[in-house]
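This is run_25.csv. It holds CSV, C-alpha atoms and all ligand atoms.
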chain,number,residue,atom,x,y,z
A,1,MET,CA,-5.4,-23.6,18.0
A,2,ILE,CA,-7.3,-21.0,16.0
A,3,ASN,CA,-7.7,-21.0,12.2
A,4,ILE,CA,-7.3,-17.8,10.4
A,5,THR,CA,-7.8,-17.2,6.6
A,6,THR,CA,-5.8,-14.4,5.1
A,7,VAL,CA,-7.0,-12.9,1.8
A,8,VAL,CA,-4.4,-11.2,-0.4
A,9,GLY,CA,-4.4,-10.2,-4.0
A,10,ALA,CA,-2.3,-7.0,-4.6
A,11,ARG,CA,1.3,-6.0,-4.2
A,12,PRO,CA,1.0,-4.1,-0.9
A,13,GLN,CA,-1.0,-7.0,0.6
A,14,PHE,CA,1.8,-9.5,0.0
A,15,ILE,CA,4.1,-7.2,1.9
A,16,LYS,CA,1.6,-6.8,4.9
A,17,ALA,CA,0.9,-10.5,4.9
A,18,ALA,CA,4.6,-11.2,5.2
A,19,ALA,CA,4.7,-9.5,8.5
A,20,LEU,CA,1.7,-11.4,9.9
A,21,SER,CA,2.9,-14.8,8.7
A,22,ARG,CA,6.4,-14.2,10.0
A,23,CYS,CA,5.0,-13.3,13.4
A,24,ILE,CA,2.8,-16.5,13.5
A,25,ARG,CA,5.9,-18.6,12.6
A,26,GLN,CA,8.1,-16.9,15.2
A,27,HIS,CA,5.7,-16.5,18.2
A,28,PHE,CA,2.5,-18.5,17.7
A,29,PRO,CA,3.2,-21.6,15.6
A,30,ASP,CA,1.3,-23.9,18.0
A,31,GLN,CA,-1.6,-21.5,18.6
A,32,ILE,CA,-2.5,-20.1,15.1
A,33,ASN,CA,-2.9,-22.0,11.9
A,34,GLU,CA,-3.0,-19.7,8.8
A,35,ASN,CA,-4.5,-20.4,5.4
A,36,ILE,CA,-3.7,-17.9,2.6
A,37,ILE,CA,-6.0,-17.2,-0.3
A,38,HIS,CA,-4.4,-15.3,-3.2
A,39,THR,CA,-7.1,-13.8,-5.5
A,40,GLY,CA,-4.7,-13.4,-8.4
A,41,GLN,CA,-5.6,-9.7,-8.7
A,42,HIS,CA,-1.9,-9.0,-9.3
A,43,TYR,CA,-0.4,-11.8,-11.4
A,44,ASP,CA,2.7,-10.5,-13.1
A,45,PRO,CA,5.7,-12.3,-11.5
A,46,GLY,CA,7.2,-8.9,-10.7
A,47,MET,CA,4.0,-7.8,-9.0
A,48,SER,CA,3.3,-11.0,-7.1
A,49,GLN,CA,5.7,-14.0,-6.9
A,50,VAL,CA,8.8,-11.9,-6.3
A,51,PHE,CA,7.3,-10.7,-3.0
A,52,PHE,CA,6.3,-14.2,-1.8
A,53,ASP,CA,9.9,-15.3,-2.5
A,54,GLU,CA,11.8,-12.4,-1.1
A,55,LEU,CA,9.7,-11.8,2.0
A,56,ASN,CA,9.3,-15.5,2.7
A,57,VAL,CA,5.5,-15.5,2.6
A,58,PRO,CA,4.2,-19.1,2.7
A,59,ALA,CA,2.8,-20.2,-0.7
A,60,PRO,CA,-0.9,-19.5,-0.8
A,61,ASN,CA,-3.1,-22.5,0.0
A,62,MET,CA,-5.3,-21.4,-2.9
A,63,ASN,CA,-4.8,-19.1,-5.9
A,64,LEU,CA,-8.0,-18.0,-7.5
A,65,ASN,CA,-6.2,-16.6,-10.6
A,66,ILE,CA,-8.8,-13.9,-11.2
A,67,GLY,CA,-6.5,-11.4,-12.9
A,68,SER,CA,-7.7,-8.0,-14.0
A,69,GLY,CA,-11.0,-6.8,-15.3
A,70,PRO,CA,-13.6,-4.2,-14.7
A,71,HIS,CA,-14.2,-3.6,-11.0
A,72,GLY,CA,-17.6,-5.3,-10.8
A,73,LYS,CA,-16.6,-8.4,-12.6
A,74,GLN,CA,-13.2,-8.7,-10.9
A,75,THR,CA,-14.8,-8.3,-7.4
A,76,ALA,CA,-17.7,-10.7,-8.3
A,77,LEU,CA,-15.3,-13.5,-9.4
A,78,MET,CA,-13.3,-13.1,-6.3
A,79,LEU,CA,-16.4,-13.1,-4.1
A,80,GLU,CA,-17.5,-16.4,-5.7
A,81,GLY,CA,-14.0,-18.0,-5.3
A,82,ILE,CA,-13.5,-16.8,-1.7
A,83,GLU,CA,-16.9,-18.0,-0.6
A,84,ASP,CA,-16.2,-21.5,-2.0
A,85,VAL,CA,-12.9,-21.7,-0.1
A,86,LEU,CA,-14.4,-20.4,3.2
A,87,THR,CA,-17.3,-22.8,2.9
A,88,GLN,CA,-14.9,-25.7,2.8
A,89,ASN,CA,-12.5,-24.5,5.4
A,90,LYS,CA,-13.3,-23.8,9.0
A,91,SER,CA,-12.0,-20.3,9.8
A,92,ASP,CA,-12.3,-18.5,13.1
A,93,PHE,CA,-11.3,-15.2,11.5
A,94,VAL,CA,-10.8,-13.8,8.0
A,95,VAL,CA,-8.0,-11.3,8.0
A,96,LEU,CA,-8.0,-8.6,5.4
A,97,PHE,CA,-5.5,-5.8,4.6
A,98,GLY,CA,-6.1,-2.3,3.2
A,99,ASP,CA,-8.5,-1.3,0.5
A,100,THR,CA,-8.2,-3.3,-2.7
A,101,ASN,CA,-11.0,-5.1,-4.6
A,102,SER,CA,-9.6,-8.3,-2.9
A,103,THR,CA,-10.3,-6.7,0.5
A,104,LEU,CA,-13.8,-5.9,-0.5
A,105,ALA,CA,-14.5,-9.4,-1.9
A,106,GLY,CA,-13.1,-11.0,1.3
A,107,ALA,CA,-15.2,-8.8,3.6
A,108,LEU,CA,-18.4,-9.6,1.7
A,109,ALA,CA,-17.8,-13.3,1.5
A,110,ALA,CA,-16.8,-13.7,5.1
A,111,SER,CA,-19.4,-11.5,6.7
A,112,LYS,CA,-22.2,-13.2,4.9
A,113,LEU,CA,-20.9,-16.6,6.1
A,114,HIS,CA,-20.9,-15.1,9.7
A,115,ILE,CA,-17.1,-15.4,10.0
A,116,PRO,CA,-15.6,-12.5,11.9
A,117,VAL,CA,-13.7,-10.1,9.7
A,118,VAL,CA,-10.4,-8.7,11.0
A,119,HIS,CA,-9.5,-5.5,9.1
A,120,ILE,CA,-5.9,-4.4,9.3
A,121,GLU,CA,-5.4,-0.8,8.2
A,122,ALA,CA,-8.9,0.2,9.2
A,123,GLY,CA,-10.2,3.7,9.4
A,124,LEU,CA,-8.3,5.3,6.6
A,125,ARG,CA,-10.3,7.9,4.7
A,126,SER,CA,-9.6,10.2,1.8
A,127,PHE,CA,-13.2,11.5,1.9
A,128,ASN,CA,-13.2,11.1,-1.8
A,129,LYS,CA,-15.7,8.4,-2.9
A,130,THR,CA,-14.6,8.6,-6.6
A,131,MET,CA,-11.7,6.5,-5.5
A,132,PRO,CA,-12.5,2.7,-5.7
A,133,GLU,CA,-10.2,2.3,-2.6
A,134,GLU,CA,-12.4,4.6,-0.5
A,135,ILE,CA,-15.5,2.6,-1.3
A,136,ASN,CA,-13.6,-0.6,-0.5
A,137,ARG,CA,-12.3,0.5,2.8
A,138,ILE,CA,-15.6,2.0,4.1
A,139,THR,CA,-17.4,-1.2,3.1
A,140,CYS,CA,-14.8,-3.4,4.7
A,141,ASP,CA,-14.7,-1.5,7.9
A,142,HIS,CA,-18.5,-1.7,8.3
A,143,LEU,CA,-18.5,-5.4,7.7
A,144,SER,CA,-15.7,-6.0,10.2
A,145,THR,CA,-15.8,-7.3,13.8
A,146,LEU,CA,-12.2,-6.3,14.7
A,147,LEU,CA,-10.7,-3.2,13.3
A,148,PHE,CA,-7.1,-2.3,13.7
A,149,ALA,CA,-6.4,1.4,13.0
A,150,PRO,CA,-2.8,2.3,12.1
A,151,THR,CA,-2.9,5.9,13.3
A,152,GLN,CA,-4.8,8.2,15.7
A,153,THR,CA,-6.5,9.9,12.7
A,154,ALA,CA,-7.7,6.5,11.4
A,155,LEU,CA,-9.1,5.7,14.9
A,156,LYS,CA,-10.8,9.0,15.1
A,157,ASN,CA,-12.4,8.5,11.6
A,158,LEU,CA,-13.9,5.2,12.9
A,159,GLN,CA,-15.2,6.9,16.0
A,160,THR,CA,-16.8,9.6,13.9
A,161,GLU,CA,-18.6,6.8,11.9
A,162,GLY,CA,-20.1,5.4,15.2
A,163,PHE,CA,-17.5,2.8,16.2
A,164,ASN,CA,-16.8,2.9,20.0
A,165,LEU,CA,-13.5,2.4,21.7
A,166,LYS,CA,-14.6,0.0,24.4
A,167,SER,CA,-13.8,-3.5,25.6
A,168,ALA,CA,-16.5,-6.0,25.4
A,169,PRO,CA,-16.9,-9.6,26.6
A,170,LYS,CA,-17.7,-10.6,23.0
A,171,TYR,CA,-17.2,-8.6,19.8
A,172,THR,CA,-19.5,-9.2,16.9
A,173,ILE,CA,-20.2,-7.6,13.6
A,174,ASP,CA,-23.0,-5.6,15.4
A,175,ASN,CA,-20.7,-4.8,18.3
A,176,PRO,CA,-17.3,-4.4,16.7
A,177,GLY,CA,-14.1,-3.6,18.5
A,178,ILE,CA,-11.6,-1.0,17.4
A,179,PHE,CA,-8.0,-0.8,18.3
A,180,LEU,CA,-5.0,1.5,17.8
A,181,SER,CA,-2.4,-1.0,16.5
A,182,GLY,CA,0.3,1.0,14.6
A,183,ASP,CA,1.0,0.2,11.0
A,184,ILE,CA,1.9,-3.3,9.9
A,185,MET,CA,4.1,-2.0,7.1
A,186,LEU,CA,6.5,-0.7,9.6
A,187,ASP,CA,7.0,-4.2,11.0
A,188,ASN,CA,8.6,-5.1,7.6
A,189,LEU,CA,10.6,-1.9,7.3
A,190,VAL,CA,12.1,-2.5,10.8
A,191,TYR,CA,12.8,-6.2,9.9
A,192,PHE,CA,14.2,-5.8,6.4
A,193,ASP,CA,15.8,-2.3,6.7
A,194,LYS,CA,19.4,-3.7,6.7
A,195,VAL,CA,19.2,-6.2,3.8
A,196,PRO,CA,21.9,-5.2,1.3
A,197,THR,CA,21.1,-4.7,-2.4
A,198,ASN,CA,23.2,-3.4,-5.2
A,199,ILE,CA,20.4,-1.6,-7.0
A,200,LEU,CA,22.1,1.8,-6.8
A,201,ASP,CA,25.3,0.4,-8.6
A,202,GLN,CA,23.2,-1.4,-11.1
A,203,LEU,CA,21.4,1.8,-12.1
A,204,GLY,CA,24.4,4.0,-11.8
A,205,LEU,CA,22.8,6.1,-9.0
A,206,ALA,CA,24.5,8.1,-6.3
A,207,PRO,CA,22.9,8.5,-2.8
A,208,ASN,CA,20.8,11.7,-2.6
A,209,ARG,CA,21.3,12.4,-6.3
A,210,PHE,CA,17.9,11.2,-7.6
A,211,VAL,CA,14.2,11.7,-7.1
A,212,LEU,CA,12.1,8.5,-6.8
A,213,CYS,CA,8.7,8.6,-8.4
A,214,THR,CA,5.8,6.1,-8.6
A,215,ILE,CA,2.4,6.7,-10.3
A,216,HIS,CA,-0.3,4.0,-10.4
A,217,ARG,CA,-3.7,5.3,-9.3
A,218,ASP,CA,-6.3,5.0,-12.0
A,219,ASN,CA,-7.3,8.7,-11.9
A,220,ASN,CA,-3.7,9.5,-12.9
A,221,THR,CA,-2.9,6.7,-15.2
A,222,ASP,CA,-6.2,6.8,-17.1
A,223,ASP,CA,-6.4,10.5,-17.6
A,224,PRO,CA,-4.2,12.0,-20.4
A,225,GLU,CA,-4.2,15.4,-18.9
A,226,ARG,CA,-3.2,14.3,-15.4
A,227,LEU,CA,-0.6,11.8,-16.6
A,228,SER,CA,0.9,14.4,-19.0
A,229,THR,CA,1.2,17.1,-16.3
A,230,ILE,CA,2.9,14.7,-13.9
A,231,PHE,CA,5.4,13.5,-16.5
A,232,SER,CA,6.1,17.0,-17.7
A,233,ALA,CA,7.0,17.8,-14.1
A,234,PHE,CA,9.4,14.8,-14.1
A,235,GLU,CA,11.0,16.1,-17.3
A,236,LYS,CA,11.5,19.5,-15.8
A,237,ILE,CA,13.1,18.0,-12.7
A,238,ALA,CA,15.4,15.9,-14.8
A,239,GLU,CA,16.8,19.2,-16.2
A,240,SER,CA,18.2,19.8,-12.8
A,241,SER,CA,21.2,17.9,-11.4
A,242,LEU,CA,19.0,15.2,-10.0
A,243,LYS,CA,18.0,12.0,-11.9
A,244,VAL,CA,14.4,10.9,-11.9
A,245,VAL,CA,13.8,7.2,-11.2
A,246,VAL,CA,10.4,5.8,-12.1
A,247,PRO,CA,9.5,2.1,-11.3
A,248,LEU,CA,6.4,1.7,-13.5
A,249,HIS,CA,3.2,-0.2,-12.4
A,250,PRO,CA,2.1,-2.4,-15.3
A,251,ARG,CA,-0.9,-0.2,-16.0
A,252,THR,CA,1.2,3.0,-16.1
A,253,ALA,CA,3.7,1.3,-18.5
A,254,LYS,CA,0.8,0.2,-20.7
A,255,ASN,CA,-0.9,3.7,-20.7
A,256,LEU,CA,2.1,5.9,-21.2
A,257,PRO,CA,2.3,5.6,-25.0
A,258,GLY,CA,-1.5,6.3,-25.5
A,259,GLN,CA,-2.0,9.0,-22.8
A,260,LEU,CA,1.0,11.2,-23.3
A,261,SER,CA,1.5,13.1,-26.6
A,262,GLN,CA,3.9,11.5,-28.9
A,263,SER,CA,6.5,14.2,-28.4
A,264,LEU,CA,6.3,14.1,-24.6
A,265,HIS,CA,6.5,10.3,-24.6
A,266,GLN,CA,9.6,10.4,-26.9
A,267,LYS,CA,11.2,13.1,-24.7
A,268,ILE,CA,10.6,11.0,-21.6
A,269,LYS,CA,11.9,7.8,-23.2
A,270,GLN,CA,15.0,9.5,-24.6
A,271,ASN,CA,15.9,11.6,-21.5
A,272,ARG,CA,19.0,10.0,-20.0
A,273,ASN,CA,18.2,11.5,-16.6
A,274,ILE,CA,14.9,9.7,-16.5
A,275,LEU,CA,15.0,6.0,-15.7
A,276,LEU,CA,11.8,4.2,-16.5
A,277,LEU,CA,12.0,0.8,-14.7
A,278,ASP,CA,9.9,-2.4,-14.4
A,279,PRO,CA,8.3,-2.8,-11.0
A,280,VAL,CA,11.2,-3.4,-8.5
A,281,PRO,CA,11.3,-6.0,-5.7
A,282,TYR,CA,10.7,-4.9,-2.1
A,283,HIS,CA,14.3,-4.8,-0.9
A,284,GLN,CA,15.4,-2.8,-3.9
A,285,MET,CA,12.5,-0.4,-3.4
A,286,LEU,CA,13.5,0.1,0.2
A,287,ALA,CA,17.1,0.9,-1.0
A,288,LEU,CA,15.8,3.4,-3.5
A,289,GLU,CA,13.6,5.0,-0.9
A,290,LYS,CA,16.4,5.2,1.7
A,291,ASN,CA,18.9,6.7,-0.7
A,292,CYS,CA,16.8,9.1,-2.8
A,293,ARG,CA,16.6,12.9,-2.2
A,294,MET,CA,12.8,13.0,-2.2
A,295,ILE,CA,9.8,11.0,-3.4
A,296,ILE,CA,6.9,11.9,-5.7
A,297,THR,CA,4.1,9.4,-5.5
A,298,ASP,CA,0.4,8.7,-5.5
A,299,SER,CA,0.9,5.5,-3.5
A,300,GLY,CA,-0.3,5.3,0.1
A,301,GLY,CA,2.3,2.9,1.3
A,302,ILE,CA,5.2,4.8,-0.2
A,303,GLN,CA,4.1,8.0,1.6
A,304,LYS,CA,4.6,6.2,4.9
A,305,GLU,CA,7.9,4.6,3.8
A,306,ALA,CA,9.1,8.1,2.9
A,307,CYS,CA,8.4,9.4,6.4
A,308,PHE,CA,10.1,6.4,7.9
A,309,PHE,CA,13.3,7.0,5.9
A,310,LYS,CA,13.1,10.7,6.6
A,311,LYS,CA,12.5,11.8,3.0
A,312,PRO,CA,10.1,14.5,1.9
A,313,VAL,CA,7.2,13.3,-0.2
A,314,ILE,CA,5.1,15.1,-2.9
A,315,ILE,CA,1.7,13.5,-3.2
A,316,THR,CA,0.2,13.6,-6.7
A,317,ARG,CA,-3.3,13.2,-5.5
A,318,PRO,CA,-6.0,15.8,-4.5
A,319,GLU,CA,-5.8,14.5,-0.9
A,320,THR,CA,-4.2,11.9,1.3
A,321,GLU,CA,-5.3,9.5,4.0
A,322,TRP,CA,-1.9,10.0,5.8
A,323,ILE,CA,-2.7,13.5,6.8
A,324,GLU,CA,-0.2,13.5,9.7
A,325,ILE,CA,2.7,13.5,7.2
A,326,VAL,CA,1.4,16.7,5.6
A,327,GLU,CA,0.6,18.3,9.0
A,328,HIS,CA,4.2,17.8,10.1
A,329,GLY,CA,5.4,19.5,6.9
A,330,CYS,CA,7.1,16.4,5.6
A,331,GLY,CA,4.6,15.9,2.7
A,332,ILE,CA,2.9,18.3,0.3
A,333,VAL,CA,-0.3,17.4,-1.6
A,334,SER,CA,0.4,18.8,-5.1
A,335,ASP,CA,-2.3,16.9,-7.0
A,336,ALA,CA,-1.5,16.4,-10.7
A,337,ASN,CA,-0.4,19.9,-11.2
A,338,LYS,CA,3.0,20.7,-12.8
A,339,GLU,CA,3.5,24.1,-11.0
A,340,SER,CA,2.5,22.7,-7.6
A,341,ILE,CA,4.8,19.7,-8.1
A,342,LEU,CA,7.7,21.9,-9.1
A,343,LYS,CA,7.1,24.4,-6.3
A,344,ALA,CA,7.0,21.5,-3.7
A,345,TYR,CA,10.2,20.1,-5.3
A,346,GLN,CA,12.0,23.5,-4.9
A,347,HIS,CA,10.7,23.8,-1.3
A,348,PHE,CA,11.9,20.4,-0.3
A,349,LEU,CA,15.4,20.8,-1.9
A,350,ASN,CA,16.2,23.4,0.8
A,351,ALA,CA,13.9,22.4,3.6
A,352,ASP,CA,15.2,21.3,7.0
A,353,LEU,CA,12.5,18.8,8.3
A,354,GLU,CA,11.8,16.9,11.4
A,355,TYR,CA,10.2,13.5,10.9
A,356,PRO,CA,7.7,12.4,13.6
A,357,GLU,CA,7.2,8.7,14.5
A,358,LEU,CA,3.7,8.3,13.4
A,359,PHE,CA,3.2,4.6,12.7
A,360,GLY,CA,3.9,2.7,15.9
A,361,ALA,CA,7.0,0.7,16.8
A,362,GLY,CA,7.0,-2.1,14.2
A,363,LYS,CA,5.1,-4.5,16.4
A,364,THR,CA,1.7,-4.4,14.9
A,365,ALA,CA,1.5,-8.0,13.8
A,366,GLU,CA,2.2,-9.2,17.3
A,367,PHE,CA,-0.4,-6.9,18.7
A,368,VAL,CA,-3.1,-8.1,16.2
A,369,LEU,CA,-2.4,-11.8,16.8
A,370,LYS,CA,-2.3,-11.5,20.6
A,371,THR,CA,-5.7,-9.7,20.4
A,372,LEU,CA,-7.1,-12.5,18.3
A,373,LEU,CA,-5.9,-15.1,20.7
A,374,GLN,CA,-7.3,-13.3,23.7
A,375,ILE,CA,-10.7,-12.9,22.0
B,1,LIG,C1,-4.7,-2.1,-6.8
B,1,LIG,C2,-5.6,-1.5,-5.7
B,1,LIG,C3,-4.9,-0.3,-5.1
B,1,LIG,C4,-3.5,-0.6,-4.7
B,1,LIG,C5,-2.7,-1.2,-5.9
B,1,LIG,C6,-1.3,-1.5,-5.6
B,1,LIG,C7,-8.0,-1.8,-6.2
B,1,LIG,C8,-9.3,-1.1,-6.6
B,1,LIG,N1,-6.9,-1.1,-6.3
B,1,LIG,O1,-4.6,-1.2,-7.9
B,1,LIG,O2,-5.7,0.0,-3.9
B,1,LIG,O3,-2.8,0.6,-4.2
B,1,LIG,O4,-3.4,-2.4,-6.4
B,1,LIG,O5,-0.6,-1.8,-6.8
B,1,LIG,O6,-8.0,-2.9,-5.8
B,1,LIG,N2,-1.7,-5.3,-14.1
B,1,LIG,C9,-0.8,-6.0,-14.7
B,1,LIG,N3,-0.2,-7.0,-14.0
B,1,LIG,C10,-0.4,-7.2,-12.7
B,1,LIG,C11,-1.3,-6.4,-12.1
B,1,LIG,C12,-2.0,-5.4,-12.7
B,1,LIG,O7,-0.6,-5.9,-15.9
B,1,LIG,O8,0.3,-8.1,-12.1
B,1,LIG,C13,-2.4,-4.2,-14.8
B,1,LIG,C14,-3.7,-4.7,-15.5
B,1,LIG,O9,-3.8,-4.1,-16.7
B,1,LIG,C15,-4.8,-4.1,-14.6
B,1,LIG,C16,-4.2,-2.9,-14.1
B,1,LIG,O10,-2.8,-3.2,-14.0
B,1,LIG,O11,-6.0,-3.8,-15.4
B,1,LIG,C17,-4.7,-2.5,-12.8
B,1,LIG,O12,-4.7,-3.6,-11.9
B,1,LIG,P1,-5.8,-3.7,-10.7
B,1,LIG,O13,-5.6,-5.0,-10.0
B,1,LIG,O14,-7.1,-3.5,-11.3
B,1,LIG,O15,-5.5,-2.5,-9.7
B,1,LIG,P2,-4.2,-1.6,-9.4
B,1,LIG,O16,-4.2,-0.4,-10.2
B,1,LIG,O17,-3.0,-2.4,-9.3

Please go through the file and, once you have read it, give me the structure as structure tokens.
Amino acid sequence: MINITTVVGARPQFIKAAALSRCIRQHFPDQINENIIHTGQHYDPGMSQVFFDELNVPAPNMNLNIGSGPHGKQTALMLEGIEDVLTQNKSDFVVLFGDTNSTLAGALAASKLHIPVVHIEAGLRSFNKTMPEEINRITCDHLSTLLFAPTQTALKNLQTEGFNLKSAPKYTIDNPGIFLSGDIMLDNLVYFDKVPTNILDQLGLAPNRFVLCTIHRDNNTDDPERLSTIFSAFEKIAESSLKVVVPLHPRTAKNLPGQLSQSLHQKIKQNRNILLLDPVPYHQMLALEKNCRMIITDSGGIQKEACFFKKPVIITRPETEWIEIVEHGCGIVSDANKESILKAYQHFLNADLEYPELFGAGKTAEFVLKTLLQI
């Protein structure tokens, strides 16, 4: 029996953890014991508990209830809490997902206690170190013993940074192993794809008659100019025959009144073709993604889900880590620029696109767990 400790804290990590826990229950219940630490980075029920309930993630063994705060303080409190738990529990591996402050704190705590770090979603790079996520993922990768890259590009990024694709009798932090594993988010898409929801009826939406939009990155939500240009583009799109559906991250909801001019904010709120929603649960989000005409987002995960559901995606960031989507013409990096967003929107209304299979076969969790057991 091996003991793994999984550290989660933010919405996309609950989704990724669901795939791993499900695979342990289904295939390795007698070989792998999992402990889950929830840092409490995301704490609103709609950002956290709903995902545990609907994706059947086991309740965390420990919730550190850290909540939000400045990056340094938030990460420091998590580090202290995770170290305490890891000191008391015997873990053979600490498993981390993605690029959040919870990932960073987990990597620091575990590596200093000499517990091998397993990083799922390793090797992603935006080459933009003004993003907190870029700092987190680079640090986590370089403190990891086993790195699971979701794409060829991610694997190549690791090789460029000196990681070698080789098998070794023993992997250590100084002799780490890198693997091309596919993307664990796809495991869930494949598993939950057919779950029925009535979100379209509830919102009065018809298939293909709306654009799905999400904005949560701090460089968009905390910058009045960028947030205004993005929401002006939404307003322009809402003049067409398509509705604009925007599930709001709590920070975006909080910032809209202060960052947009009063008149733009009023226009957005009163526009009957723009639906500003609370964060939506996972199954409902999948239904919205599957039935929309196209997606506008600054989220990493939603870019991939767009590709899986064969929807074009406009990326409101200066760059993307999922470069393959753009290279295949299924995504356009518009940045926060109204003209570029509208140009991409027009382009995708008429485009005939082919969607490549970029993210594996939906069996990443099994691959990761088998690798851990072998090692
Ligand atoms: C974090 C991750 C990001 C990931 C995102 C998914 C970091 C640096 N960023 O960003 O990589 O894509 O999660 O959502 O770790 N808030 C609430 N309720 C909640 C959660 C957050 O109100 O349940 C508000 C708080 O005001 C908080 C703000 O949202 O200050 C930002 O939350 P935070 O955890 O700092 O990061 P995210 O922007 O969610």

For the interface of chain A with ligand LIG 1 (chain B) (cut-off 8 Å, counting only C-alpha atoms and all ligand atoms), please tabulate each contacting residue of chain A alongside its nearest pair of atoms and their separation in Å to one decimal, rows sorted by chain and increasing number, as a tab-separated table.
residue	atom	partner	partner_atom	distance
A:Ala10	CA	B:LIG1	O4	5.1
A:Arg11	CA	B:LIG1	O5	5.3
A:Pro12	CA	B:LIG1	C6	5.8
A:Gln41	CA	B:LIG1	O13	4.9
A:His42	CA	B:LIG1	O8	3.7
A:Tyr43	CA	B:LIG1	O8	3.8
A:Asp44	CA	B:LIG1	O8	3.5
A:Pro45	CA	B:LIG1	O8	6.9
A:Gly46	CA	B:LIG1	O8	7.1
A:Met47	CA	B:LIG1	O8	4.8
A:Ser48	CA	B:LIG1	O8	6.5
A:Gly67	CA	B:LIG1	O13	7.1
A:Ser68	CA	B:LIG1	O11	4.7
A:Gly69	CA	B:LIG1	O11	5.8
A:Pro70	CA	B:LIG1	O14	7.4
A:His71	CA	B:LIG1	C8	7.0
A:Gly98	CA	B:LIG1	O2	7.5
A:Asp99	CA	B:LIG1	O2	5.4
A:Thr100	CA	B:LIG1	O6	3.1
A:Asn101	CA	B:LIG1	O6	3.9
A:Ser102	CA	B:LIG1	O6	6.3
A:Thr103	CA	B:LIG1	O6	7.7
A:Pro132	CA	B:LIG1	C8	5.0
A:Glu133	CA	B:LIG1	O2	5.2
A:Asn136	CA	B:LIG1	C8	7.5
A:His216	CA	B:LIG1	O16	5.9
A:Arg217	CA	B:LIG1	O16	5.8
A:Asp218	CA	B:LIG1	O16	6.1
A:His249	CA	B:LIG1	O10	6.9
A:Pro250	CA	B:LIG1	O7	4.5
A:Arg251	CA	B:LIG1	O10	4.1
A:Thr252	CA	B:LIG1	O10	7.7
A:Lys254	CA	B:LIG1	O9	7.5
A:Ser299	CA	B:LIG1	O3	6.2
A:Gly300	CA	B:LIG1	O3	6.8
A:Gly301	CA	B:LIG1	O3	7.8

Can you work out which one of A:Arg25, A:Lys304, A:Lys156, A:Arg317 has the shortest atom-to-atom distance to Leu369 (chain A), counting only C-alpha atoms?
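Among the listed residues, A:Arg25 lies closest to Leu369 (chain A).
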
With a distance cut-off of 8 Å and all atoms listed in the file, select the neighbouring residues of region 223-231 of chain A, excluding the residue or stretch itself and same-chain residues fewer than 5 positions from it, and output the selection as a PDB file with C-alpha atoms, in the frame of the given file.
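Result file selection_5.pdb:
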ATOM      1  CA  ASP A 218      -6.300   5.000 -12.000  1.00  0.00           C
ATOM      2  CA  LEU A 256       2.100   5.900 -21.200  1.00  0.00           C
ATOM      3  CA  GLN A 259      -2.000   9.000 -22.800  1.00  0.00           C
ATOM      4  CA  LEU A 260       1.000  11.200 -23.300  1.00  0.00           C
ATOM      5  CA  SER A 261       1.500  13.100 -26.600  1.00  0.00           C
ATOM      6  CA  LEU A 264       6.300  14.100 -24.600  1.00  0.00           C
ATOM      7  CA  ILE A 268      10.600  11.000 -21.600  1.00  0.00           C
ATOM      8  CA  THR A 316       0.200  13.600  -6.700  1.00  0.00           C
ATOM      9  CA  ALA A 336      -1.500  16.400 -10.700  1.00  0.00           C
ATOM     10  CA  ASN A 337      -0.400  19.900 -11.200  1.00  0.00           C
ATOM     11  CA  LYS A 338       3.000  20.700 -12.800  1.00  0.00           C
ATOM     12  CA  ILE A 341       4.800  19.700  -8.100  1.00  0.00           C
TER      13      ILE A 341
END

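Using all atoms listed in the file, the smallest distance between any of A:Thr214, A:Asn65, A:Asn157, A:Asn175 and Met285 (chain A) comes from A:Thr214.
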
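In this comparison, which uses only C-alpha atoms, the residue of A:Thr297, A:Ile135, A:Glu83, A:Phe367 approaching His27 (chain A) most closely is A:Phe367.
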
I'd like the neighbourhood of region 59-64 of chain A as a compact mmCIF listing (two decimals) with C-alpha atoms, keeping the file's coordinate frame, where a residue qualifies if any of its atoms comes within 6 Å (using only C-alpha atoms), though same-chain residues fewer than 5 positions away should be ignored.
# COMPACT_ATOMS: atom_id res chain seq x y z
CA ASN A 35 -4.50 -20.40 5.40
CA ILE A 36 -3.70 -17.90 2.60
CA ILE A 37 -6.00 -17.20 -0.30
CA HIS A 38 -4.40 -15.30 -3.20
CA THR A 39 -7.10 -13.80 -5.50
CA GLY A 40 -4.70 -13.40 -8.40

Near region 345-349 of chain A, counting only C-alpha atoms, which residues have an atom at most 10 Å away, once you skip same-chain residues fewer than 6 positions from it, shown as a PyMOL selection string?
chain A and resi 211+233+237+293-296+311-314+329-332+334+339

One decimal, in Å: what's the spacing between CA of Pro207 (chain A) and CA of Glu305 (chain A)?
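Distance between the two atoms: 16.8 Å.
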
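Distances to Pro58 (chain A) were evaluated for A:Ser340, A:Thr6, A:Ser167, A:Gln303 using all atoms listed in the file, and the minimum falls at A:Thr6.
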
Could you check which of A:Lys310, A:His114, A:Lys16, A:Arg209 is closest to Glu357 (chain A), using all atoms listed in the file?
A:Lys310

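In this model, the gap between CA of Asn219 (chain A) and CA of Gln13 (chain A) comes to 21.0 Å.
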
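Among the candidates A:Glu354, A:Asn271, A:Gln262, A:Ala238, the residue lying nearest to Leu342 (chain A) is A:Ala238 (atoms considered: only C-alpha atoms).
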